[in-house]
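> target.pdb (PDB, C-alpha atoms) pasted underneath:
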ATOM      1  CA  MET G   1      72.581 133.022 122.413  1.00  0.00           C
ATOM      2  CA  ALA G   2      75.641 134.533 120.797  1.00  0.00           C
ATOM      3  CA  GLY G   3      77.723 131.324 120.646  1.00  0.00           C
ATOM      4  CA  GLU G   4      75.126 129.105 119.022  1.00  0.00           C
ATOM      5  CA  VAL G   5      73.886 128.403 115.527  1.00  0.00           C
ATOM      6  CA  LYS G   6      70.381 127.089 114.917  1.00  0.00           C
ATOM      7  CA  LEU G   7      69.897 124.173 112.546  1.00  0.00           C
ATOM      8  CA  SER G   8      66.731 122.545 111.328  1.00  0.00           C
ATOM      9  CA  ILE G   9      66.762 118.765 110.903  1.00  0.00           C
ATOM     10  CA  THR G  10      64.093 116.750 109.136  1.00  0.00           C
ATOM     11  CA  LEU G  11      63.846 113.066 110.105  1.00  0.00           C
ATOM     12  CA  GLU G  12      61.695 110.241 108.870  1.00  0.00           C
ATOM     13  CA  ALA G  13      58.810 109.487 111.239  1.00  0.00           C
ATOM     14  CA  ASP G  14      60.275 106.065 112.215  1.00  0.00           C
ATOM     15  CA  LEU G  15      63.634 107.525 113.134  1.00  0.00           C
ATOM     16  CA  ALA G  16      62.079 110.439 115.006  1.00  0.00           C
ATOM     17  CA  ALA G  17      59.933 108.015 117.043  1.00  0.00           C
ATOM     18  CA  ARG G  18      62.945 105.846 117.920  1.00  0.00           C
ATOM     19  CA  LEU G  19      64.945 108.917 118.838  1.00  0.00           C
ATOM     20  CA  THR G  20      62.157 110.257 121.046  1.00  0.00           C
ATOM     21  CA  THR G  21      61.784 106.876 122.763  1.00  0.00           C
ATOM     22  CA  ALA G  22      65.534 106.497 123.336  1.00  0.00           C
ATOM     23  CA  ALA G  23      65.826 110.029 124.700  1.00  0.00           C
ATOM     24  CA  SER G  24      62.835 109.693 127.052  1.00  0.00           C
ATOM     25  CA  GLU G  25      64.108 106.342 128.404  1.00  0.00           C
ATOM     26  CA  ARG G  26      67.245 108.131 129.558  1.00  0.00           C
ATOM     27  CA  GLY G  27      65.566 111.328 130.751  1.00  0.00           C
ATOM     28  CA  TRP G  28      66.899 113.443 127.896  1.00  0.00           C
ATOM     29  CA  SER G  29      65.095 115.688 125.480  1.00  0.00           C
ATOM     30  CA  PRO G  30      65.028 114.539 121.847  1.00  0.00           C
ATOM     31  CA  GLU G  31      66.611 117.866 120.879  1.00  0.00           C
ATOM     32  CA  SER G  32      69.580 117.375 123.196  1.00  0.00           C
ATOM     33  CA  LEU G  33      70.115 113.844 121.874  1.00  0.00           C
ATOM     34  CA  VAL G  34      70.052 115.102 118.278  1.00  0.00           C
ATOM     35  CA  ALA G  35      72.419 117.962 119.155  1.00  0.00           C
ATOM     36  CA  ASP G  36      74.879 115.508 120.763  1.00  0.00           C
ATOM     37  CA  CYS G  37      74.704 113.170 117.767  1.00  0.00           C
ATOM     38  CA  VAL G  38      75.265 115.979 115.276  1.00  0.00           C
ATOM     39  CA  ALA G  39      78.176 117.348 117.336  1.00  0.00           C
ATOM     40  CA  GLN G  40      79.827 113.901 117.460  1.00  0.00           C
ATOM     41  CA  VAL G  41      79.450 113.348 113.715  1.00  0.00           C
ATOM     42  CA  LEU G  42      80.836 116.818 112.955  1.00  0.00           C
ATOM     43  CA  GLU G  43      83.837 116.181 115.239  1.00  0.00           C
ATOM     44  CA  ILE G  44      84.533 112.910 113.413  1.00  0.00           C
ATOM     45  CA  ALA G  45      84.228 114.685 110.044  1.00  0.00           C
ATOM     46  CA  ILE G  46      86.692 117.375 111.131  1.00  0.00           C
ATOM     47  CA  ARG G  47      89.196 114.779 112.343  1.00  0.00           C
ATOM     48  CA  HIS G  48      88.805 112.823 109.110  1.00  0.00           C
ATOM     49  CA  ARG G  49      89.472 115.917 107.024  1.00  0.00           C
ATOM     50  CA  VAL G  50      92.595 116.743 109.069  1.00  0.00           C
ATOM     51  CA  LEU G  51      93.877 113.191 108.616  1.00  0.00           C
ATOM     52  CA  VAL G  52      93.296 113.335 104.861  1.00  0.00           C
ATOM     53  CA  GLU G  53      95.138 116.663 104.650  1.00  0.00           C
ATOM     54  CA  ARG G  54      98.072 115.247 106.627  1.00  0.00           C
ATOM     55  CA  MET G  55      98.183 112.172 104.396  1.00  0.00           C
ATOM     56  CA  GLU G  56      98.300 114.446 101.357  1.00  0.00           C
ATOM     57  CA  GLN G  57     101.176 116.414 102.923  1.00  0.00           C
ATOM     58  CA  VAL G  58     103.080 113.201 103.630  1.00  0.00           C
ATOM     59  CA  ASP G  59     102.449 111.959 100.081  1.00  0.00           C
ATOM     60  CA  ALA G  60     103.741 115.254  98.662  1.00  0.00           C
ATOM     61  CA  ALA G  61     106.873 115.066 100.830  1.00  0.00           C
ATOM     62  CA  ILE G  62     107.531 111.465  99.752  1.00  0.00           C
ATOM     63  CA  LEU G  63     107.105 112.479  96.111  1.00  0.00           C
ATOM     64  CA  GLU G  64     109.584 115.343  96.576  1.00  0.00           C
ATOM     65  CA  MET G  65     112.099 112.956  98.147  1.00  0.00           C
ATOM     66  CA  ALA G  66     111.634 110.434  95.348  1.00  0.00           C
ATOM     67  CA  GLN G  67     112.134 113.124  92.730  1.00  0.00           C
ATOM     68  CA  ALA G  68     115.289 114.354  94.479  1.00  0.00           C
ATOM     69  CA  VAL G  69     116.675 110.813  94.641  1.00  0.00           C
ATOM     70  CA  GLY G  70     115.796 110.317  90.976  1.00  0.00           C
ATOM     71  CA  GLU G  71     117.603 113.507  90.042  1.00  0.00           C
ATOM     72  CA  LEU G  72     120.668 112.520  92.056  1.00  0.00           C
ATOM     73  CA  GLY G  73     120.737 109.054  90.512  1.00  0.00           C
ATOM     74  CA  GLY G  74     120.379 110.317  86.966  1.00  0.00           C
ATOM     75  CA  PRO G  75     123.301 111.003  84.665  1.00  0.00           C
ATOM     76  CA  ALA G  76     124.576 114.464  85.513  1.00  0.00           C
ATOM     77  CA  ALA G  77     128.212 115.415  85.376  1.00  0.00           C
ATOM     78  CA  SER G  78     127.658 118.523  87.488  1.00  0.00           C
ATOM     79  CA  ILE G  79     126.706 116.620  90.669  1.00  0.00           C
ATOM     80  CA  ASP G  80     129.535 115.644  92.984  1.00  0.00           C
ATOM     81  CA  LEU G  81     128.178 112.370  94.417  1.00  0.00           C
ATOM     82  CA  SER G  82     130.848 112.344  97.121  1.00  0.00           C
ATOM     83  CA  LYS G  83     128.950 115.246  98.746  1.00  0.00           C
ATOM     84  CA  VAL G  84     125.629 113.381  98.725  1.00  0.00           C
ATOM     85  CA  CYS G  85     126.501 110.560 101.152  1.00  0.00           C
ATOM     86  CA  ARG G  86     128.619 111.426 104.145  1.00  0.00           C
ATOM     87  CA  TYR G  87     129.452 107.833 105.134  1.00  0.00           C
ATOM     88  CA  ALA G  88     131.074 106.387 102.033  1.00  0.00           C
ATOM     89  CA  SER G  89     132.597 107.743  98.858  1.00  0.00           C
ATOM     90  CA  PRO G  90     131.329 106.485  95.491  1.00  0.00           C
ATOM     91  CA  LEU G  91     134.739 104.868  94.911  1.00  0.00           C
ATOM     92  CA  GLY G  92     134.481 102.740  98.054  1.00  0.00           C
ATOM     93  CA  GLU G  93     137.167 104.723  99.890  1.00  0.00           C
ATOM     94  CA  PRO G  94     136.517 105.808 103.482  1.00  0.00           C
ATOM     95  CA  ASP G  95     135.067 109.271 103.792  1.00  0.00           C
ATOM     96  CA  MET G  96     137.383 111.431 105.892  1.00  0.00           C
ATOM     97  CA  ASP G  97     134.541 113.755 106.901  1.00  0.00           C
ATOM     98  CA  ALA G  98     132.387 110.980 108.394  1.00  0.00           C
ATOM     99  CA  PRO G  99     131.972 111.028 112.180  1.00  0.00           C
TER     100      PRO G  99
END
Mind turning the file's structure into structure tokens?


Amino acid sequence: MAGEVKLSITLEADLAARLTTAASERGWSPESLVADCVAQVLEIAIRHRVLVERMEQVDAAILEMAQAVGELGGPAASIDLSKVCRYASPLGEPDMDAP
């Protein structure tokens, strides 16, 4: 079939016997049981990889934010800190632009 890929799986004799017994008790073929198991494990692996990638993206974003905060907090005469926070001025005076 055009939408399928064939795989060959080698199992230990004990595992193959247990698989065959479990499949026959439920009226399934051993091949269909193996195919379902492999599909489930691959789905879990894909989801795990996506989660790891998202965690890495979140970590990178947190690092960027931390670096930006570090740069803003460092000694730099060219940064106007009154433009950084819109709710309070660095001198403790009310910010006129705050909502």

> If the PyMOL selection byres ((chain G and resi 9-21) around 12) were run on this exact file, what residues would it hold? Put them as a PDB file with C-alpha atoms, keeping the file's coordinate frame.


ATOM      1  CA  LYS G   6      70.381 127.089 114.917  1.00  0.00           C
ATOM      2  CA  LEU G   7      69.897 124.173 112.546  1.00  0.00           C
ATOM      3  CA  SER G   8      66.731 122.545 111.328  1.00  0.00           C
ATOM      4  CA  ALA G  22      65.534 106.497 123.336  1.00  0.00           C
ATOM      5  CA  ALA G  23      65.826 110.029 124.700  1.00  0.00           C
ATOM      6  CA  SER G  24      62.835 109.693 127.052  1.00  0.00           C
ATOM      7  CA  GLU G  25      64.108 106.342 128.404  1.00  0.00           C
ATOM      8  CA  ARG G  26      67.245 108.131 129.558  1.00  0.00           C
ATOM      9  CA  GLY G  27      65.566 111.328 130.751  1.00  0.00           C
ATOM     10  CA  TRP G  28      66.899 113.443 127.896  1.00  0.00           C
ATOM     11  CA  SER G  29      65.095 115.688 125.480  1.00  0.00           C
ATOM     12  CA  PRO G  30      65.028 114.539 121.847  1.00  0.00           C
ATOM     13  CA  GLU G  31      66.611 117.866 120.879  1.00  0.00           C
ATOM     14  CA  SER G  32      69.580 117.375 123.196  1.00  0.00           C
ATOM     15  CA  LEU G  33      70.115 113.844 121.874  1.00  0.00           C
ATOM     16  CA  VAL G  34      70.052 115.102 118.278  1.00  0.00           C
ATOM     17  CA  ALA G  35      72.419 117.962 119.155  1.00  0.00           C
ATOM     18  CA  CYS G  37      74.704 113.170 117.767  1.00  0.00           C
ATOM     19  CA  VAL G  38      75.265 115.979 115.276  1.00  0.00           C
TER      20      VAL G  38
END

> Could you tell me how far CA of Gly3 (chain G) lies from CA of Arg49 (chain G), in Å and to one decimal?

23.7 Å

> How many Å separate CA of Val5 (chain G) from CA of Val52 (chain G)?

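Result for CA of Val5 (chain G) versus CA of Val52 (chain G): 26.8 Å, one decimal.
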